[in-house]
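Enquirer: Just target_30.txt, nothing more (compact mmCIF, C-alpha atoms):
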```txt
# COMPACT_ATOMS: atom_id res chain seq x y z
CA MET A 1 0.00 0.00 0.00
CA ILE A 2 1.31 3.44 -0.87
CA ALA A 3 0.46 5.91 1.91
CA ARG A 4 -1.00 9.18 0.65
CA ALA A 5 0.49 12.02 2.66
CA LEU A 6 -0.44 15.61 3.44
CA ILE A 7 2.35 17.90 4.73
CA ILE A 8 1.32 20.78 7.01
CA ASP A 9 4.18 23.16 7.80
CA ASP A 10 4.55 26.93 7.55
CA SER A 11 8.13 26.64 6.27
CA ALA A 12 8.53 25.98 2.55
CA PHE A 13 12.01 24.64 3.39
CA MET A 14 10.65 22.06 5.80
CA ARG A 15 7.88 21.08 3.37
CA ARG A 16 10.53 20.40 0.71
CA ILE A 17 12.66 18.35 3.14
CA ILE A 18 9.70 16.38 4.47
CA ARG A 19 8.49 15.70 0.91
CA HIS A 20 11.94 14.33 0.12
CA HIS A 21 11.98 11.95 3.10
CA LEU A 22 8.39 10.78 2.64
CA THR A 23 8.88 10.14 -1.06
CA LYS A 24 12.07 8.25 -0.32
CA SER A 25 10.11 6.15 2.19
CA GLY A 26 7.60 5.16 -0.49
CA CYS A 27 4.81 7.62 0.37
CA LYS A 28 2.95 9.72 -2.16
CA VAL A 29 2.63 13.38 -1.18
CA ILE A 30 -0.83 14.52 -2.29
CA GLY A 31 -0.84 17.98 -0.78
CA GLU A 32 0.96 20.66 1.18
CA ALA A 33 -0.56 23.26 3.50
CA GLU A 34 1.13 26.19 5.20
CA ASN A 35 -1.02 26.51 8.31
CA ALA A 36 -3.31 24.39 10.47
CA ALA A 37 -6.56 25.84 9.12
CA GLN A 38 -5.56 25.24 5.50
CA GLY A 39 -4.29 21.79 6.50
CA LEU A 40 -7.62 20.90 8.05
CA ARG A 41 -9.50 21.96 4.91
CA MET A 42 -7.15 19.93 2.71
CA PHE A 43 -7.45 16.97 5.08
CA HIS A 44 -11.24 16.89 4.62
CA GLU A 45 -10.90 17.32 0.88
CA LEU A 46 -8.03 14.89 0.17
CA LYS A 47 -8.57 12.29 2.93
CA PRO A 48 -4.87 11.37 3.32
CA ASP A 49 -3.66 8.22 5.12
CA LEU A 50 -0.83 10.16 6.72
CA ILE A 51 -0.20 13.73 7.81
CA THR A 52 2.91 15.50 9.02
CA LEU A 53 2.05 18.44 11.24
CA ASP A 54 4.37 21.20 12.46
CA VAL A 55 3.78 21.75 16.17
CA MET A 56 4.93 25.39 16.35
CA MET A 57 3.20 27.14 13.47
CA PRO A 58 1.82 30.61 14.04
CA GLU A 59 -1.94 30.35 14.61
CA ALA A 60 -4.08 31.04 11.54
CA GLU A 61 -7.84 31.63 11.43
CA GLY A 62 -7.97 30.79 15.15
CA MET A 63 -6.70 27.26 14.52
CA ASP A 64 -3.51 25.81 15.98
CA SER A 65 -1.83 22.45 15.38
CA LEU A 66 -3.27 20.68 18.41
CA CYS A 67 -6.86 21.69 17.53
CA ALA A 68 -6.30 20.55 13.95
CA LEU A 69 -4.87 17.19 15.06
CA ARG A 70 -7.81 16.57 17.40
CA GLU A 71 -10.33 17.42 14.70
CA MET A 72 -8.62 15.22 12.13
CA ARG A 73 -8.39 12.26 14.51
CA ALA A 74 -12.04 12.69 15.48
CA ALA A 75 -12.95 12.47 11.78
CA LEU A 76 -10.49 9.64 11.07
CA PRO A 77 -9.35 7.76 14.23
CA ASP A 78 -6.90 5.60 12.22
CA LEU A 79 -5.10 8.61 10.78
CA THR A 80 -1.33 8.28 10.99
CA ALA A 81 0.14 11.56 12.25
CA ILE A 82 3.80 12.54 12.49
CA MET A 83 4.46 15.64 14.56
CA VAL A 84 7.37 17.83 13.44
CA SER A 85 8.83 20.19 15.99
CA ALA A 86 11.78 22.41 16.82
CA VAL A 87 11.25 21.69 20.52
CA PRO A 88 13.02 18.60 21.88
CA PHE A 89 11.13 18.42 25.19
CA ASP A 90 9.85 15.03 26.41
CA LYS A 91 6.75 16.57 27.98
CA ILE A 92 5.57 18.11 24.71
CA ARG A 93 6.47 14.96 22.75
CA ASP A 94 4.56 12.78 25.21
CA SER A 95 1.49 15.02 25.08
CA TYR A 96 1.29 14.62 21.30
CA LEU A 97 1.91 10.87 21.48
CA LYS A 98 -0.99 10.68 23.96
CA GLU A 99 -3.11 12.50 21.39
CA GLY A 100 -2.45 9.54 19.11
CA ALA A 101 0.48 10.74 17.01
CA LEU A 102 2.65 7.94 15.66
CA ALA A 103 5.90 9.85 16.05
CA TYR A 104 7.38 13.16 17.15
CA ILE A 105 10.43 14.23 15.21
CA VAL A 106 12.68 17.16 16.02
CA LYS A 107 13.92 19.35 13.17
CA PRO A 108 16.19 19.96 11.44
CA PHE A 109 16.33 16.26 10.63
CA THR A 110 18.48 14.03 8.51
CA GLN A 111 18.11 10.55 7.03
CA PHE A 112 19.46 9.19 10.34
CA SER A 113 16.97 10.97 12.57
CA PHE A 114 14.15 10.20 10.11
CA GLU A 115 15.01 6.49 10.02
CA PRO A 116 13.00 5.47 13.16
CA VAL A 117 9.99 7.28 11.68
CA ARG A 118 10.47 5.48 8.37
CA GLN A 119 10.54 2.16 10.22
CA LYS A 120 7.30 3.02 12.03
CA LEU A 121 5.66 4.03 8.76
CA LEU A 122 6.72 0.74 7.16
CA ARG A 123 5.19 -1.21 10.06
CA VAL A 124 1.89 0.71 9.98
CA PHE A 125 1.36 0.60 6.26
CA ARG A 126 2.56 -2.97 5.79
CA GLN A 127 0.13 -4.00 8.51
CA ASN A 128 -2.69 -2.07 6.82
CA ALA A 129 -1.89 -3.63 3.48
CA ALA A 130 -1.89 -7.18 4.91
CA MET B 1 46.48 36.26 22.49
CA VAL B 2 43.21 34.33 22.59
CA GLU B 3 41.54 33.96 19.22
CA PRO B 4 37.97 35.33 19.24
CA LEU B 5 35.29 32.68 18.87
CA THR B 6 33.60 32.90 15.51
CA ILE B 7 30.51 31.15 14.24
CA ALA B 8 30.43 29.89 10.66
CA VAL B 9 27.81 31.67 8.55
CA ILE B 10 26.34 28.29 7.60
CA ASP B 11 27.14 24.95 9.20
CA ALA B 12 29.23 22.80 6.88
CA GLN B 13 27.94 19.54 8.38
CA THR B 14 24.28 20.57 8.01
CA VAL B 15 24.87 21.49 4.37
CA ALA B 16 26.78 18.23 3.81
CA ASP B 17 23.90 16.26 5.34
CA LEU B 18 21.46 17.96 2.97
CA ARG B 19 23.76 17.29 0.03
CA ASP B 20 23.95 13.62 1.04
CA GLU B 21 20.23 13.48 0.33
CA GLY B 22 20.91 14.48 -3.25
CA ASP B 23 22.02 17.61 -5.09
CA ASP B 24 18.45 18.31 -6.23
CA LEU B 25 17.26 18.77 -2.66
CA LEU B 26 20.07 21.16 -1.72
CA ILE B 27 19.68 23.16 -4.95
CA ASP B 28 15.93 23.51 -4.36
CA LEU B 29 16.50 24.68 -0.78
CA ILE B 30 19.16 27.20 -1.79
CA ASP B 31 16.91 28.51 -4.57
CA LEU B 32 14.08 28.85 -2.05
CA PHE B 33 16.36 30.87 0.22
CA VAL B 34 17.39 33.12 -2.65
CA SER B 35 13.81 33.70 -3.79
CA GLU B 36 12.10 33.95 -0.40
CA THR B 37 14.44 35.61 2.07
CA PRO B 38 14.79 39.08 0.47
CA GLU B 39 10.98 39.19 0.27
CA ARG B 40 10.68 38.15 3.94
CA THR B 41 13.06 40.89 5.08
CA ARG B 42 11.14 43.44 2.96
CA VAL B 43 7.87 42.30 4.55
CA LEU B 44 9.44 42.52 8.01
CA ALA B 45 10.68 46.07 7.39
CA ALA B 46 7.21 47.12 6.18
CA ALA B 47 5.50 45.39 9.12
CA LEU B 48 7.85 47.15 11.56
CA ALA B 49 7.07 50.50 9.95
CA ALA B 50 3.33 49.80 10.25
CA GLY B 51 3.54 48.16 13.70
CA GLU B 52 1.81 44.98 12.48
CA ARG B 53 2.42 42.59 15.34
CA GLU B 54 1.13 39.41 13.70
CA GLN B 55 3.16 39.97 10.55
CA ILE B 56 6.30 40.78 12.58
CA GLU B 57 5.90 37.57 14.59
CA ARG B 58 5.20 35.46 11.51
CA THR B 59 8.14 36.84 9.53
CA THR B 60 10.69 36.55 12.32
CA HIS B 61 9.48 32.99 12.99
CA SER B 62 9.87 32.16 9.32
CA LEU B 63 13.39 33.66 9.12
CA LYS B 64 14.35 31.61 12.18
CA SER B 65 13.19 28.33 10.55
CA THR B 66 14.88 29.25 7.29
CA ALA B 67 18.20 29.85 9.03
CA ALA B 68 17.92 26.60 11.00
CA THR B 69 17.59 24.65 7.74
CA PHE B 70 21.20 25.52 6.85
CA GLY B 71 22.62 25.63 10.37
CA ALA B 72 23.00 29.41 9.99
CA GLU B 73 23.31 29.85 13.73
CA ALA B 74 23.98 33.59 13.96
CA MET B 75 21.01 34.37 11.69
CA ARG B 76 18.82 31.88 13.56
CA ALA B 77 19.71 33.32 16.96
CA LEU B 78 19.01 36.89 15.80
CA ALA B 79 15.67 35.89 14.26
CA ALA B 80 14.75 33.93 17.39
CA GLU B 81 15.53 36.94 19.58
CA ALA B 82 13.50 39.17 17.26
CA GLU B 83 10.59 36.71 17.37
CA MET B 84 10.63 36.65 21.18
CA ALA B 85 10.77 40.44 21.32
CA ALA B 86 7.86 40.64 18.86
CA ARG B 87 5.81 38.27 21.01
CA ALA B 88 6.50 40.50 23.99
CA GLY B 89 5.36 43.51 21.95
CA GLN B 90 8.89 44.99 22.01
CA PHE B 91 8.91 46.26 18.43
CA GLU B 92 11.72 48.74 19.12
CA ARG B 93 13.97 45.82 20.05
CA VAL B 94 13.00 44.06 16.81
CA ALA B 95 13.80 47.25 14.89
CA ASP B 96 17.19 47.42 16.64
CA LEU B 97 17.97 43.84 15.64
CA PHE B 98 16.73 44.22 12.07
CA PRO B 99 19.86 45.73 10.39
CA THR B 100 22.10 43.02 11.88
CA LEU B 101 19.61 40.32 10.92
CA GLN B 102 19.49 41.64 7.36
CA ARG B 103 23.30 41.75 7.13
CA GLU B 104 23.50 38.20 8.45
CA ALA B 105 20.86 37.05 5.94
CA ASP B 106 22.94 38.63 3.15
CA GLN B 107 26.01 36.71 4.33
CA VAL B 108 24.05 33.44 4.41
CA HIS B 109 22.85 34.25 0.89
CA GLU B 110 26.46 34.67 -0.29
CA ALA B 111 27.60 31.47 1.42
CA LEU B 112 24.73 29.49 -0.10
CA ALA B 113 25.38 30.94 -3.56
CA ALA B 114 28.97 29.70 -3.22
CA GLU B 115 27.71 26.22 -2.23
CA ARG B 116 25.39 26.19 -5.22
CA GLY B 117 28.31 27.11 -7.48
CA LYS B 118 30.24 24.09 -6.19
CA ILE B 119 27.35 21.76 -7.00
CA VAL B 120 26.74 23.09 -10.48
CA SER B 121 30.43 23.16 -11.44
```
Show this structure as structure tokens.
Expert:
Amino acid sequence: MIARALIIDDSAFMRRIIRHHLTKSGCKVIGEAENAAQGLRMFHELKPDLITLDVMMPEAEGMDSLCALREMRAALPDLTAIMVSAVPFDKIRDSYLKEGALAYIVKPFTQFSFEPVRQKLLRVFRQNAA
Amino acid sequence: MVEPLTIAVIDAQTVADLRDEGDDLLIDLIDLFVSETPERTRVLAAALAAGEREQIERTTHSLKSTAATFGAEAMRALAAEAEMAARAGQFERVADLFPTLQREADQVHEALAAERGKIVS
């Protein structure tokens, strides 16, 4: 199964880097959004299997990343979510993992720091395909 | 005499890591920097002149992320300080930091242009 991914990040640089790693991991990027509100709209429209969501984006249209994640997971409980963050604090990571995120990755990241995420993605989507 | 500590304009290891992912990725990122950053600094200058808090916060945040992509630590630290000052409503502090931030962004631009030249040649 090829996972269809939506990237939500306010940085065009990070979107390009994330696209690179997801594509390399066998995912198909079907959309990119630059804030949580736009991401939520694209989520409803495109129905991705996987999202990457920047934790620290400036709020837009009254919507932040946590609200968007909760709304997406309410609509699609099986959604695979990878949180992307500049903040390497366990407490914040754990709070997002409790919200159901598959992984929390700290940027800037490389193929080595992305590797555990790639392994998790392989497990999830292999399992779904079986 | 003790040598003064200096910080590289961009981090060689970060750039090498990006290049390891393929020349296309690094070229795209450098081209994004070249096309986006002058516009961002223009927007920041205009937002400072107009006192537009949200725009000042957004632009300084964006410049911080951009700098982090290339390990441009001096630019990142200046943008981060400007972002914090903006959040605290200290626009005068942001305005004080702005010329140095712009100079640093210009230096990063030059360093990245040189990296791009090495890839293309």
Enquirer: Please report the interatomic distance between atom CA of B:Asp106 and atom CA of A:Asp9 in Å with one decimal.
Expert: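 Computing it gives 24.8 Å between the two atoms.
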Enquirer: For the contact check between chain A and chain B, emit one row per residue of chain A within 7 Å, containing the shortest atom pair and the distance in Å rounded to one decimal, counting all atoms listed in the file, chain then rising number order, as JSON lines.
Expert:
```
{"residue": "A:Ser11", "atom": "CA", "partner": "B:Ser62", "partner_atom": "CA", "distance": 6.5}
{"residue": "A:Phe13", "atom": "CA", "partner": "B:Leu29", "partner_atom": "CA", "distance": 6.1}
{"residue": "A:Pro58", "atom": "CA", "partner": "B:Arg58", "partner_atom": "CA", "distance": 6.4}
{"residue": "A:Pro108", "atom": "CA", "partner": "B:Thr69", "partner_atom": "CA", "distance": 6.1}
{"residue": "A:Thr110", "atom": "CA", "partner": "B:Asp17", "partner_atom": "CA", "distance": 6.7}
```
Enquirer: Just to confirm, what's the straight-line distance from atom CA of A:Glu71 to atom CA of A:Leu40 in Å (one decimal)?
Expert: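 So the answer is 8.0 Å.
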Enquirer: Which distance in Å separates atom CA of B:Asp11 and atom CA of A:Met57, to one decimal?
Expert: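 Value for the atom CA of B:Asp11-atom CA of A:Met57 distance: 24.4 Å.
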Enquirer: Please list as a ChimeraX atom specification every residue within 9 Å of B:Gln55, counting all atoms listed in the file and excluding residues in the same chain fewer than 5 positions away.
Expert: /B:43-44,47-48,60
Enquirer: Kindly indicate which residue among A:Ala101, A:Met83, A:Leu66, A:Ile30 lies nearest to A:Asp54, using only C-alpha atoms for the distances.
Expert: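 Among A:Ala101, A:Met83, A:Leu66, A:Ile30, it is A:Met83 that comes nearest to A:Asp54.
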Enquirer: Using all atoms listed in the file, find the one residue out of A:Ser65, A:Thr80, A:Gln119, A:Ser25 that sits nearest to A:Lys47.
Expert: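 That would be A:Thr80, the residue with the smallest distance to A:Lys47.
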Enquirer: Might you pull out every residue within 12 Å of A:Lys24, with only C-alpha atoms counted and same-chain residues fewer than 3 positions away left off, and present them as a VMD selection string?
Expert: (chain A and resid 2 17 to 21 27 to 29 111 114 to 115 118 121 to 122) or (chain B and resid 21 to 22 25)
Enquirer: If we count only C-alpha atoms, what is near A:Asp94 at a cut-off of 12 Å, once residues fewer than 4 positions away on the same chain are taken out, given as a PDB file with C-alpha atoms, keeping the file's coordinate frame?
Expert:
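Dumped to selection_23.pdb:
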```pdb
ATOM      1  CA  MET A  83       4.460  15.640  14.560  1.00  0.00           C
ATOM      2  CA  PRO A  88      13.020  18.600  21.880  1.00  0.00           C
ATOM      3  CA  PHE A  89      11.130  18.420  25.190  1.00  0.00           C
ATOM      4  CA  ASP A  90       9.850  15.030  26.410  1.00  0.00           C
ATOM      5  CA  LYS A  98      -0.990  10.680  23.960  1.00  0.00           C
ATOM      6  CA  GLU A  99      -3.110  12.500  21.390  1.00  0.00           C
ATOM      7  CA  GLY A 100      -2.450   9.540  19.110  1.00  0.00           C
ATOM      8  CA  ALA A 101       0.480  10.740  17.010  1.00  0.00           C
ATOM      9  CA  LEU A 102       2.650   7.940  15.660  1.00  0.00           C
ATOM     10  CA  ALA A 103       5.900   9.850  16.050  1.00  0.00           C
ATOM     11  CA  TYR A 104       7.380  13.160  17.150  1.00  0.00           C
ATOM     12  CA  ILE A 105      10.430  14.230  15.210  1.00  0.00           C
TER      13      ILE A 105
END
```
Enquirer: Can you list, as a PyMOL selection string, every protein, DNA or RNA residue that comes within 8 Å of stretch 112-119 of chain B when you count all atoms listed in the file, leaving out same-chain residues fewer than 4 positions away?
Expert: chain B and resi 10+23+27+30+108
Enquirer: Atoms to include: C-alpha atoms. Write the selected residues as an mmCIF file, in the coordinates of the input.
Expert:
```cif
data_model
loop_
_atom_site.group_PDB
_atom_site.id
_atom_site.type_symbol
_atom_site.label_atom_id
_atom_site.label_comp_id
_atom_site.auth_asym_id
_atom_site.auth_seq_id
_atom_site.Cartn_x
_atom_site.Cartn_y
_atom_site.Cartn_z
ATOM 1 C CA ILE B 10 26.340 28.290 7.600
ATOM 2 C CA ASP B 23 22.020 17.610 -5.090
ATOM 3 C CA ILE B 27 19.680 23.160 -4.950
ATOM 4 C CA ILE B 30 19.160 27.200 -1.790
ATOM 5 C CA VAL B 108 24.050 33.440 4.410
#
```
Enquirer: Please list as a PDB file with C-alpha atoms, in the frame of the given file every residue within 8 Å of B:Val94, counting only C-alpha atoms and excluding residues in the same chain fewer than 5 positions away.
Expert:
```
ATOM      1  CA  LEU B  48       7.850  47.150  11.560  1.00  0.00           C
ATOM      2  CA  ALA B  82      13.500  39.170  17.260  1.00  0.00           C
ATOM      3  CA  GLU B  83      10.590  36.710  17.370  1.00  0.00           C
ATOM      4  CA  ALA B  85      10.770  40.440  21.320  1.00  0.00           C
ATOM      5  CA  ALA B  86       7.860  40.640  18.860  1.00  0.00           C
TER       6      ALA B  86
END
```
Enquirer: Using all atoms listed in the file, find the one residue out of B:Arg53, B:Ala72, B:Met84, B:Asp31 that sits nearest to B:Val15.
Expert: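 Using all atoms listed in the file, B:Val15 sits closest to B:Ala72.
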Enquirer: Counting all atoms listed in the file, which residue out of B:Glu39, B:Ala50, B:Arg93, B:Met75 sits closest to B:Ala8?
Expert: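 Of the candidates, the smallest distance to B:Ala8 is held by B:Met75.
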Enquirer: Quick one: of B:Ala12, B:Val34, B:Val120, B:Leu78, who's nearest to B:Pro99, counting all atoms listed in the file?
Expert: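 Closest candidate: B:Leu78.
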Enquirer: Quick one: of A:Met42, A:Val117, A:Leu79, A:Ala86, who's nearest to A:Val55, counting only C-alpha atoms?
Expert: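 So, comparing all the options, the nearest one is A:Ala86.
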Enquirer: Around the point (0.9, 19.0, 6.6) in the file's coordinates, collect all residues with an atom within 12 Å, using only C-alpha atoms, and return them as a ChimeraX atom specification.
Expert: /A:4-12,14-16,18-19,22,29-43,46,48-55,57,65,68-69,72,80-84
Enquirer: Could you write out the selected residues, including C-alpha atoms, as an mmCIF file, keeping the file's coordinate frame?
Expert:
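New file selection37.cif:
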```cif
data_model
loop_
_atom_site.group_PDB
_atom_site.id
_atom_site.type_symbol
_atom_site.label_atom_id
_atom_site.label_comp_id
_atom_site.auth_asym_id
_atom_site.auth_seq_id
_atom_site.Cartn_x
_atom_site.Cartn_y
_atom_site.Cartn_z
ATOM 1 C CA ARG A 4 -1.000 9.180 0.650
ATOM 2 C CA ALA A 5 0.490 12.020 2.660
ATOM 3 C CA LEU A 6 -0.440 15.610 3.440
ATOM 4 C CA ILE A 7 2.350 17.900 4.730
ATOM 5 C CA ILE A 8 1.320 20.780 7.010
ATOM 6 C CA ASP A 9 4.180 23.160 7.800
ATOM 7 C CA ASP A 10 4.550 26.930 7.550
ATOM 8 C CA SER A 11 8.130 26.640 6.270
ATOM 9 C CA ALA A 12 8.530 25.980 2.550
ATOM 10 C CA MET A 14 10.650 22.060 5.800
ATOM 11 C CA ARG A 15 7.880 21.080 3.370
ATOM 12 C CA ARG A 16 10.530 20.400 0.710
ATOM 13 C CA ILE A 18 9.700 16.380 4.470
ATOM 14 C CA ARG A 19 8.490 15.700 0.910
ATOM 15 C CA LEU A 22 8.390 10.780 2.640
ATOM 16 C CA VAL A 29 2.630 13.380 -1.180
ATOM 17 C CA ILE A 30 -0.830 14.520 -2.290
ATOM 18 C CA GLY A 31 -0.840 17.980 -0.780
ATOM 19 C CA GLU A 32 0.960 20.660 1.180
ATOM 20 C CA ALA A 33 -0.560 23.260 3.500
ATOM 21 C CA GLU A 34 1.130 26.190 5.200
ATOM 22 C CA ASN A 35 -1.020 26.510 8.310
ATOM 23 C CA ALA A 36 -3.310 24.390 10.470
ATOM 24 C CA ALA A 37 -6.560 25.840 9.120
ATOM 25 C CA GLN A 38 -5.560 25.240 5.500
ATOM 26 C CA GLY A 39 -4.290 21.790 6.500
ATOM 27 C CA LEU A 40 -7.620 20.900 8.050
ATOM 28 C CA ARG A 41 -9.500 21.960 4.910
ATOM 29 C CA MET A 42 -7.150 19.930 2.710
ATOM 30 C CA PHE A 43 -7.450 16.970 5.080
ATOM 31 C CA LEU A 46 -8.030 14.890 0.170
ATOM 32 C CA PRO A 48 -4.870 11.370 3.320
ATOM 33 C CA ASP A 49 -3.660 8.220 5.120
ATOM 34 C CA LEU A 50 -0.830 10.160 6.720
ATOM 35 C CA ILE A 51 -0.200 13.730 7.810
ATOM 36 C CA THR A 52 2.910 15.500 9.020
ATOM 37 C CA LEU A 53 2.050 18.440 11.240
ATOM 38 C CA ASP A 54 4.370 21.200 12.460
ATOM 39 C CA VAL A 55 3.780 21.750 16.170
ATOM 40 C CA MET A 57 3.200 27.140 13.470
ATOM 41 C CA SER A 65 -1.830 22.450 15.380
ATOM 42 C CA ALA A 68 -6.300 20.550 13.950
ATOM 43 C CA LEU A 69 -4.870 17.190 15.060
ATOM 44 C CA MET A 72 -8.620 15.220 12.130
ATOM 45 C CA THR A 80 -1.330 8.280 10.990
ATOM 46 C CA ALA A 81 0.140 11.560 12.250
ATOM 47 C CA ILE A 82 3.800 12.540 12.490
ATOM 48 C CA MET A 83 4.460 15.640 14.560
ATOM 49 C CA VAL A 84 7.370 17.830 13.440
#
```
